[in-house]
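Q: Got model-v6.cif for you, mmCIF, C-alpha atoms:
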```
data_work
loop_
_atom_site.label_atom_id
_atom_site.label_comp_id
_atom_site.auth_asym_id
_atom_site.auth_seq_id
_atom_site.Cartn_x
_atom_site.Cartn_y
_atom_site.Cartn_z
CA MET L 210 88.66 88.27 -28.20
CA PHE L 211 89.61 90.98 -25.69
CA GLN L 212 92.78 91.75 -27.65
CA TYR L 213 90.69 92.05 -30.81
CA PHE L 214 88.39 94.61 -29.21
CA VAL L 215 91.38 96.59 -27.92
CA ARG L 216 92.97 96.64 -31.36
CA ARG L 217 89.76 97.77 -33.00
CA PHE L 218 89.33 100.53 -30.44
CA LEU L 219 92.86 101.76 -31.12
CA TYR L 220 92.13 101.52 -34.83
CA LEU L 221 89.04 103.67 -34.28
CA LEU L 222 91.10 106.35 -32.54
CA ILE L 223 93.79 106.31 -35.24
CA VAL L 224 91.24 106.61 -38.05
CA LEU L 225 89.45 109.50 -36.36
CA LEU L 226 92.78 111.22 -35.70
CA VAL L 227 93.88 110.90 -39.33
CA VAL L 228 90.50 112.06 -40.60
CA SER L 229 90.56 115.04 -38.24
CA VAL L 230 94.05 116.11 -39.36
CA ILE L 231 93.25 115.83 -43.06
CA THR L 232 89.87 117.55 -42.74
CA PHE L 233 91.10 120.36 -40.50
CA PHE L 234 94.07 121.41 -42.59
CA ILE L 235 92.41 120.96 -45.98
CA MET L 236 89.33 123.01 -45.06
CA HIS L 237 91.58 125.90 -44.01
CA GLN L 238 93.16 125.89 -47.45
CA VAL L 239 89.86 126.81 -49.11
CA PRO L 240 89.80 130.53 -49.98
CA GLY L 241 87.68 132.68 -47.71
CA GLY L 242 86.50 132.01 -44.20
CA PRO L 243 83.40 131.59 -42.04
CA PHE L 244 82.88 135.36 -41.87
CA SER L 245 83.25 136.03 -45.59
CA ARG L 246 80.23 137.84 -47.05
CA GLU L 247 79.26 139.34 -50.36
CA ARG L 248 79.28 142.61 -48.46
CA GLN L 249 82.58 142.41 -46.63
CA LEU L 250 82.79 143.23 -42.93
CA SER L 251 85.08 145.99 -41.78
CA PRO L 252 88.68 145.01 -40.93
CA THR L 253 88.00 145.80 -37.27
CA ALA L 254 84.96 143.52 -37.16
CA MET L 255 86.91 140.74 -38.87
CA ARG L 256 89.75 141.06 -36.34
CA ASN L 257 87.33 140.98 -33.43
CA LEU L 258 85.51 137.90 -34.74
CA ASN L 259 88.75 136.06 -35.47
CA ALA L 260 90.03 136.90 -32.01
CA LYS L 261 86.78 135.81 -30.35
CA TYR L 262 86.92 132.35 -31.94
CA HIS L 263 90.74 132.15 -31.87
CA LEU L 264 90.93 131.95 -35.65
CA ASP L 265 93.91 134.30 -35.58
CA ASP L 266 96.02 131.70 -33.77
CA PRO L 267 98.52 129.56 -35.70
CA LEU L 268 96.83 126.69 -37.51
CA TYR L 269 98.53 123.98 -35.48
CA LYS L 270 97.42 125.64 -32.22
CA GLN L 271 93.82 125.85 -33.46
CA TYR L 272 93.88 122.13 -34.21
CA VAL L 273 95.42 121.15 -30.87
CA ASP L 274 92.95 123.32 -28.93
CA TYR L 275 90.03 121.88 -30.89
CA MET L 276 91.07 118.26 -30.29
CA ILE L 277 91.73 118.88 -26.59
CA ASP L 278 88.25 120.36 -26.20
CA LEU L 279 86.79 117.43 -28.13
CA MET L 280 88.70 114.44 -26.79
CA ILE L 281 89.77 115.37 -23.25
CA PRO L 282 87.06 115.18 -20.55
CA HIS L 283 86.64 118.28 -18.39
CA ILE L 284 85.56 118.41 -14.74
CA THR L 285 83.76 121.64 -13.92
CA ALA L 286 81.29 123.03 -11.43
CA THR L 287 77.78 121.65 -11.88
CA ASP L 288 76.12 125.05 -11.69
CA LYS L 289 78.43 126.62 -14.24
CA THR L 290 76.60 128.44 -17.01
CA PHE L 291 77.67 127.19 -20.44
CA SER L 292 77.63 129.26 -23.60
CA VAL L 293 77.45 128.16 -27.22
CA THR L 294 81.23 127.83 -27.25
CA GLU L 295 81.14 125.49 -24.23
CA ASP L 296 78.36 123.09 -25.09
CA TYR L 297 79.42 119.52 -24.32
CA LEU L 298 77.74 116.46 -25.76
CA ILE L 299 78.15 114.49 -22.54
CA ASN L 300 77.24 116.13 -19.23
CA ALA L 301 77.27 113.81 -16.22
CA LYS L 302 77.23 114.77 -12.56
CA LEU L 303 80.00 113.02 -10.63
CA PRO L 304 78.42 110.92 -7.86
CA LEU L 305 81.40 110.99 -5.47
CA VAL L 306 82.34 114.63 -5.90
CA GLU L 307 80.00 117.35 -4.71
CA ASN L 308 79.01 120.07 -7.20
CA LYS L 309 81.21 118.65 -9.97
CA SER L 310 80.27 117.41 -13.42
CA LEU L 311 82.05 115.58 -16.20
CA ARG L 312 81.87 117.40 -19.53
CA TRP L 313 83.12 115.70 -22.68
CA MET L 314 83.08 116.14 -26.46
CA ASN L 315 82.68 119.78 -27.40
CA PHE L 316 82.51 120.10 -31.20
CA GLY L 317 82.56 123.87 -30.94
CA PRO L 318 80.18 126.63 -32.01
CA SER L 319 78.80 127.22 -35.46
CA TYR L 320 80.35 130.35 -36.96
CA ARG L 321 77.30 131.12 -39.09
CA GLN L 322 74.48 130.21 -36.69
CA THR L 323 73.75 131.10 -33.07
CA ARG L 324 73.98 127.48 -31.94
CA SER L 325 76.60 124.86 -31.26
CA VAL L 326 77.52 121.84 -33.36
CA ASN L 327 76.40 119.62 -30.48
CA ASP L 328 72.99 121.27 -30.58
CA ILE L 329 72.77 120.41 -34.29
CA LEU L 330 73.80 116.82 -33.59
CA ARG L 331 71.28 116.44 -30.77
CA ASN L 332 68.38 117.74 -32.84
CA GLN L 333 69.14 116.72 -36.44
CA LEU L 334 71.09 113.46 -36.14
CA PRO L 335 68.18 111.46 -34.57
CA VAL L 336 65.95 112.54 -37.45
CA SER L 337 68.46 111.40 -40.07
CA ALA L 338 69.11 108.18 -38.14
CA ALA L 339 65.38 107.34 -37.99
CA LEU L 340 65.01 108.01 -41.71
CA GLY L 341 68.15 106.05 -42.54
CA LEU L 342 67.18 103.01 -40.47
CA SER L 343 63.71 103.01 -42.03
CA ALA L 344 65.21 103.20 -45.51
CA LEU L 345 67.70 100.44 -44.70
CA GLY L 346 64.87 98.21 -43.47
CA ILE L 347 62.93 98.80 -46.69
CA ALA L 348 66.05 98.10 -48.75
CA LEU L 349 66.56 94.78 -46.98
CA VAL L 350 62.89 93.77 -47.21
CA ILE L 351 62.80 94.48 -50.95
CA GLY L 352 66.36 93.75 -52.05
CA LEU L 353 67.12 90.42 -50.40
CA PRO L 354 63.92 88.59 -51.53
CA LEU L 355 64.25 89.98 -55.07
CA GLY L 356 67.86 88.86 -55.34
CA THR L 357 67.12 85.46 -53.84
CA MET L 358 64.17 84.78 -56.16
CA ALA L 359 66.22 85.91 -59.16
CA ALA L 360 69.04 83.52 -58.27
CA LEU L 361 66.75 80.55 -57.62
CA ARG L 362 64.78 81.18 -60.85
CA LYS L 363 67.66 82.12 -63.12
CA ASN L 364 66.65 83.25 -66.63
CA SER L 365 62.96 82.90 -65.78
CA PRO L 366 60.27 85.60 -65.78
CA VAL L 367 60.84 85.97 -62.03
CA ASP L 368 64.51 86.67 -62.67
CA TYR L 369 63.75 89.20 -65.39
CA PHE L 370 61.16 90.93 -63.19
CA SER L 371 63.51 91.09 -60.21
CA MET L 372 66.44 92.45 -62.17
CA GLY L 373 64.16 94.82 -64.08
CA THR L 374 62.99 96.22 -60.76
CA ALA L 375 66.60 96.51 -59.64
CA ILE L 376 67.57 98.37 -62.80
CA LEU L 377 64.61 100.70 -62.27
CA GLY L 378 65.80 101.42 -58.75
CA VAL L 379 69.32 102.20 -59.94
CA SER L 380 68.17 104.31 -62.89
CA VAL L 381 65.59 106.50 -61.11
CA PRO L 382 67.27 108.73 -58.51
CA VAL L 383 65.54 110.09 -55.44
CA ILE L 384 65.37 113.56 -56.97
CA ILE L 385 62.95 112.12 -59.56
CA LEU L 386 61.28 109.37 -57.55
CA GLY L 387 60.57 111.70 -54.61
CA PRO L 388 58.47 114.28 -56.50
CA LEU L 389 56.73 111.45 -58.37
CA LEU L 390 55.70 109.81 -55.09
CA LYS L 391 54.56 113.18 -53.73
CA TYR L 392 52.41 113.80 -56.80
CA ILE L 393 50.75 110.38 -56.70
CA PHE L 394 50.25 109.73 -52.98
CA ALA L 395 50.04 113.29 -51.63
CA VAL L 396 48.56 115.44 -54.39
CA GLU L 397 46.35 113.02 -56.32
CA LEU L 398 45.36 110.48 -53.67
CA GLY L 399 45.82 112.64 -50.57
CA TRP L 400 46.99 109.70 -48.48
CA LEU L 401 50.28 111.13 -47.22
CA PRO L 402 51.64 114.59 -46.34
CA THR L 403 54.01 116.17 -48.84
CA GLN L 404 56.78 117.04 -46.40
CA GLY L 405 57.83 117.43 -42.80
CA TRP L 406 58.77 115.01 -40.04
CA GLY L 407 57.17 113.79 -36.84
CA SER L 408 54.60 111.11 -37.73
CA TYR L 409 54.88 107.75 -39.46
CA LYS L 410 52.91 109.07 -42.43
CA GLN L 411 55.58 111.69 -43.05
CA ALA L 412 58.25 108.97 -43.04
CA VAL L 413 56.65 106.59 -45.55
CA MET L 414 57.52 108.32 -48.82
CA PRO L 415 61.06 109.49 -47.99
CA ALA L 416 61.96 106.12 -46.47
CA PHE L 417 60.65 104.27 -49.53
CA ALA L 418 62.30 106.65 -52.00
CA LEU L 419 65.63 106.28 -50.25
CA GLY L 420 65.33 102.57 -49.52
CA PHE L 421 64.12 101.57 -52.99
CA ALA L 422 67.30 102.90 -54.60
CA GLN L 423 69.44 100.91 -52.15
CA SER L 424 67.32 97.78 -52.56
CA ALA L 425 68.35 97.64 -56.21
CA LEU L 426 72.01 97.41 -55.20
CA LEU L 427 71.28 94.71 -52.62
CA ALA L 428 69.14 92.71 -55.06
CA ARG L 429 71.82 92.58 -57.74
CA LEU L 430 74.54 91.75 -55.23
CA THR L 431 72.44 89.04 -53.57
CA ARG L 432 71.64 87.43 -56.92
CA ALA L 433 75.28 87.35 -58.06
CA SER L 434 76.55 86.05 -54.71
CA LEU L 435 73.86 83.39 -54.33
CA LEU L 436 74.38 82.12 -57.88
CA GLN L 437 78.06 81.66 -57.13
CA VAL L 438 77.38 79.81 -53.88
CA LEU L 439 74.75 77.52 -55.45
CA ASN L 440 77.46 76.20 -57.80
CA GLU L 441 79.78 75.21 -54.95
CA ASP L 442 80.60 71.54 -54.34
CA TYR L 443 79.06 71.41 -50.86
CA ILE L 444 75.70 72.56 -52.28
CA ARG L 445 75.78 69.76 -54.87
CA THR L 446 76.67 67.33 -52.06
CA ALA L 447 73.70 68.54 -50.01
CA LYS L 448 71.42 68.00 -53.01
CA ALA L 449 72.84 64.51 -53.55
CA MET L 450 72.10 63.69 -49.90
CA GLY L 451 68.43 64.43 -50.52
CA LEU L 452 68.10 67.60 -48.45
CA ARG L 453 65.14 69.79 -49.24
CA GLN L 454 65.71 72.81 -51.46
CA ARG L 455 64.44 75.19 -48.79
CA ARG L 456 66.90 73.85 -46.20
CA ILE L 457 69.78 73.96 -48.68
CA VAL L 458 69.10 77.58 -49.51
CA LEU L 459 68.25 78.93 -46.06
CA VAL L 460 70.76 76.96 -43.97
CA HIS L 461 73.70 76.29 -46.24
CA ALA L 462 73.69 78.75 -49.14
CA MET L 463 72.30 82.02 -47.80
CA LYS L 464 74.81 82.47 -44.96
CA ASN L 465 77.80 82.35 -47.28
CA ALA L 466 75.99 84.39 -49.92
CA MET L 467 75.39 87.16 -47.37
CA ILE L 468 79.11 87.85 -46.83
CA PRO L 469 79.42 90.28 -49.79
CA VAL L 470 76.05 91.81 -48.86
CA ALA L 471 77.23 92.40 -45.28
CA THR L 472 80.34 94.11 -46.64
CA VAL L 473 78.19 96.62 -48.53
CA LEU L 474 75.76 97.09 -45.65
CA GLY L 475 78.50 98.52 -43.41
CA PRO L 476 79.23 101.78 -45.27
CA LEU L 477 75.61 101.90 -46.51
CA PHE L 478 74.41 101.93 -42.91
CA ALA L 479 76.77 104.78 -42.00
CA ALA L 480 75.79 106.81 -45.07
CA LEU L 481 72.06 106.47 -44.47
CA ILE L 482 71.90 107.26 -40.76
CA THR L 483 74.13 110.35 -40.98
CA GLY L 484 71.86 112.14 -43.44
CA THR L 485 71.04 112.22 -47.14
CA PHE L 486 70.96 115.71 -48.60
CA VAL L 487 68.70 115.09 -51.63
CA THR L 488 66.02 113.07 -49.82
CA GLU L 489 65.84 115.47 -46.90
CA ARG L 490 65.66 118.47 -49.22
CA VAL L 491 62.93 116.96 -51.45
CA PHE L 492 60.71 116.00 -48.51
CA GLY L 493 61.54 118.94 -46.24
CA ILE L 494 63.06 116.80 -43.48
CA PRO L 495 65.12 118.64 -40.84
CA GLY L 496 68.00 116.18 -40.81
CA MET L 497 71.78 116.30 -40.99
CA GLY L 498 72.06 116.04 -44.77
CA SER L 499 71.88 119.77 -45.51
CA TYR L 500 74.66 120.53 -43.03
CA PHE L 501 77.15 118.42 -44.98
CA VAL L 502 76.67 120.76 -47.94
CA SER L 503 75.92 124.12 -46.32
CA SER L 504 78.86 123.89 -43.92
CA ILE L 505 81.27 123.65 -46.86
CA GLN L 506 79.58 126.47 -48.74
CA ASN L 507 79.67 128.66 -45.63
CA ARG L 508 83.15 127.50 -44.61
CA ASP L 509 81.73 126.78 -41.17
CA TYR L 510 84.78 124.97 -39.84
CA SER L 511 83.22 123.51 -36.69
CA ILE L 512 80.27 121.95 -38.53
CA ILE L 513 82.60 120.56 -41.22
CA MET L 514 84.71 118.90 -38.54
CA GLY L 515 81.69 117.67 -36.60
CA THR L 516 79.84 116.12 -39.53
CA THR L 517 83.00 114.56 -40.94
CA LEU L 518 84.09 113.01 -37.65
CA VAL L 519 80.59 111.69 -36.92
CA PHE L 520 80.42 110.11 -40.36
CA ALA L 521 83.91 108.59 -39.93
CA PHE L 522 82.92 107.24 -36.52
CA PHE L 523 79.86 105.47 -37.91
CA ILE L 524 81.91 104.09 -40.81
CA VAL L 525 84.43 102.52 -38.44
CA VAL L 526 81.73 101.16 -36.11
CA ALA L 527 79.77 99.75 -39.05
CA ASN L 528 82.88 98.00 -40.39
CA PHE L 529 83.51 96.57 -36.93
CA LEU L 530 79.97 95.15 -36.85
CA VAL L 531 80.53 93.72 -40.33
CA ASP L 532 83.64 91.90 -39.08
CA LEU L 533 81.60 90.38 -36.25
CA THR L 534 78.95 89.37 -38.77
CA TYR L 535 81.60 87.60 -40.87
CA ALA L 536 82.43 85.30 -37.94
CA TRP L 537 78.74 84.45 -37.53
CA LEU L 538 78.09 83.85 -41.22
CA ASP L 539 81.16 81.70 -41.78
CA PRO L 540 82.58 79.75 -38.78
CA ARG L 541 85.89 79.42 -40.63
CA ILE L 542 86.47 83.13 -40.07
CA ARG L 543 88.05 83.79 -36.72
CA LEU L 544 88.47 87.10 -34.91
CA SER L 545 92.14 87.30 -33.99
#
```
Rewrite the coordinates I just gave you, this time as C-alpha cells.

A:
Amino acid sequence: MFQYFVRRFLYLLIVLLVVSVITFFIMHQVPGGPFSRERQLSPTAMRNLNAKYHLDDPLYKQYVDYMIDLMIPHITATDKTFSVTEDYLINAKLPLVENKSLRWMNFGPSYRQTRSVNDILRNQLPVSAALGLSALGIALVIGLPLGTMAALRKNSPVDYFSMGTAILGVSVPVIILGPLLKYIFAVELGWLPTQGWGSYKQAVMPAFALGFAQSALLARLTRASLLQVLNEDYIRTAKAMGLRQRRIVLVHAMKNAMIPVATVLGPLFAALITGTFVTERVFGIPGMGSYFVSSIQNRDYSIIMGTTLVFAFFIVVANFLVDLTYAWLDPRIRLS
C-alpha cells in the first residue's frame, strides 16, 4: 500500500510537470501579450513592464524561475513585507527557528489586475468549491435513484419517466435553465434572490441548475450499468437462493454497478469544484469560472498557469480517490 501511495504521488508530480510545460509554452505562442491594448502603450512603457515582470527573459528561464517560485519552499524573515509578486499560498512560522517563516507556492501576480493569483485562489476557489459540491450532491440525489428505478422497472412508466427526465436534463443547458429558474422562483414567486453568493438561498438555484444537468448523465449511466449487472450469473444465483430483491440490489448489484459511475464522478468532481463559467455568470457568483475564460482573453499568463495547474491537481486527486473506491466496490480489485 505504501508503495502504491508513493507511485501515485510521483505520478501527480509528473502530470503537473507535463501540464505546466505544455501550458506555459503554448500560451506564449498566442499573439499578443498581457499588456496588449486596443490603444497600444509606448515602447518605453512596454519595455519597463516586461522588465518588471521578467517577461523579456528567454522563455526557458521564465519557466524555470516560475516553477522554482512555485514548487521550492522559501525560508524568509517573518516580518518581511510581501508584495503582490511575492504572495505565497502557504505561510507558516517555523517553531524551532526564531523570526523565520516557511513560504511555499507562489503562483505569481496577475498582469491585468492589482492582485496575485493566490489572492484569487483564496477568495474565489472556496466559492466555486461550495457551489460545485452542492451541485454534485444534487446530481447524486437525483441521478442515482432515477437510474436505479429505471433499471428495476425496465420499459415501465417509471423507466420512461426517469429517462425522460434525464433527456430533459441533457437537452436543457444551464444558460436556459438558469434564467427560467430565476424567472419562476425569483421574479414571479419571490422566494429566492436572483443572484449573488453568501446565503443558502442564493445557492439553491445555481446548485440545482448545475446539478440537474449532471444528474441526467448519472441517471443514464446508472441505468445502463445496473441493467448489465442484473443479468449476471451471480445475481440469478442470489435470486434462486431466495434472497430478497432489496438485498440483491443494495448488497450485490449496486456496488458493481457503481464502478462506471465512480469513473465519471472523478473528473466531474474536479470540473465542478474548480468553477463553471456559465452558471457563475448567469447567477452572478464570484467564483473561479470567469477566470478560466478572461485569463485567456487577457493573456494573463500567471492566471492561466494557476487555474490550469489547480484543475490538473484536482483531476489527479479525484482519479486517485476513484481508484481507492474501486477497491472498496469490488474486492477483486487490488491496489498494487

Q: Could you tell me which residues the PyMOL selection byres ((chain L and resi 451-461) around 12) returns for this structure, as a list in words?

A: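 Listing what the PyMOL selection byres ((chain L and resi 451-461) around 12) selects in the shown file: Pro354, Thr357, Met358, Ala360, Leu361, Leu435, Leu436, Val438, Leu439, Asn440, Glu441, Asp442, Tyr443, Ile444, Arg445, Thr446, Ala447, Lys448, Ala449, Met450, Ala462, Met463, Lys464, Asn465, Ala466, Met467, Leu538 and Asp539 of chain L.
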
Q: Could you tell me which of L:Thr403, L:Leu222, L:Tyr510, L:Ala301 comes closest to Met236 of chain L if we count all atoms listed in the file?

A: L:Tyr510

Q: Give me the result of the PyMOL selection byres ((chain L and resi 499) around 8) on this file, residue by residue, as a PyMOL selection string.

A: chain L and resi 484-486+489-490+496-498+500-503

Q: Please report the interatomic distance between atom CA of Arg429 of chain L and atom CA of Asp368 of chain L in Å with one decimal.

A: 10.6 Å

Q: Measuring atom to atom with all atoms listed in the file, identify which of L:Gln404, L:Gly241, L:Phe529, L:Ala428 is nearest to Val215 of chain L.

A: L:Phe529

Q: Check which residues satisfy the PyMOL selection byres ((chain L and resi 316-323) around 10) in the file shown, then give them as a PyMOL selection string.

A: chain L and resi 242-244+258+262+275-276+278-280+292-298+313-315+324-330+504+507-516+518

Q: So how many Å separate atom CA of Ala286 of chain L and atom CA of Leu303 of chain L, to one decimal?

A: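 A separation of 10.1 Å between them.
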
Q: When distances are computed from all atoms listed in the file, which of L:Phe218, L:Phe523, L:Phe492, L:Phe233 shows the smallest separation from Gly405 of chain L?

A: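 Among the listed residues, L:Phe492 lies closest to Gly405 of chain L.
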
Q: Using only C-alpha atoms, find the one residue out of L:Ile384, L:Ala433, L:Ala375, L:Leu221 that sits nearest to Lys363 of chain L.

A: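 That would be L:Ala433, the residue with the smallest distance to Lys363 of chain L.
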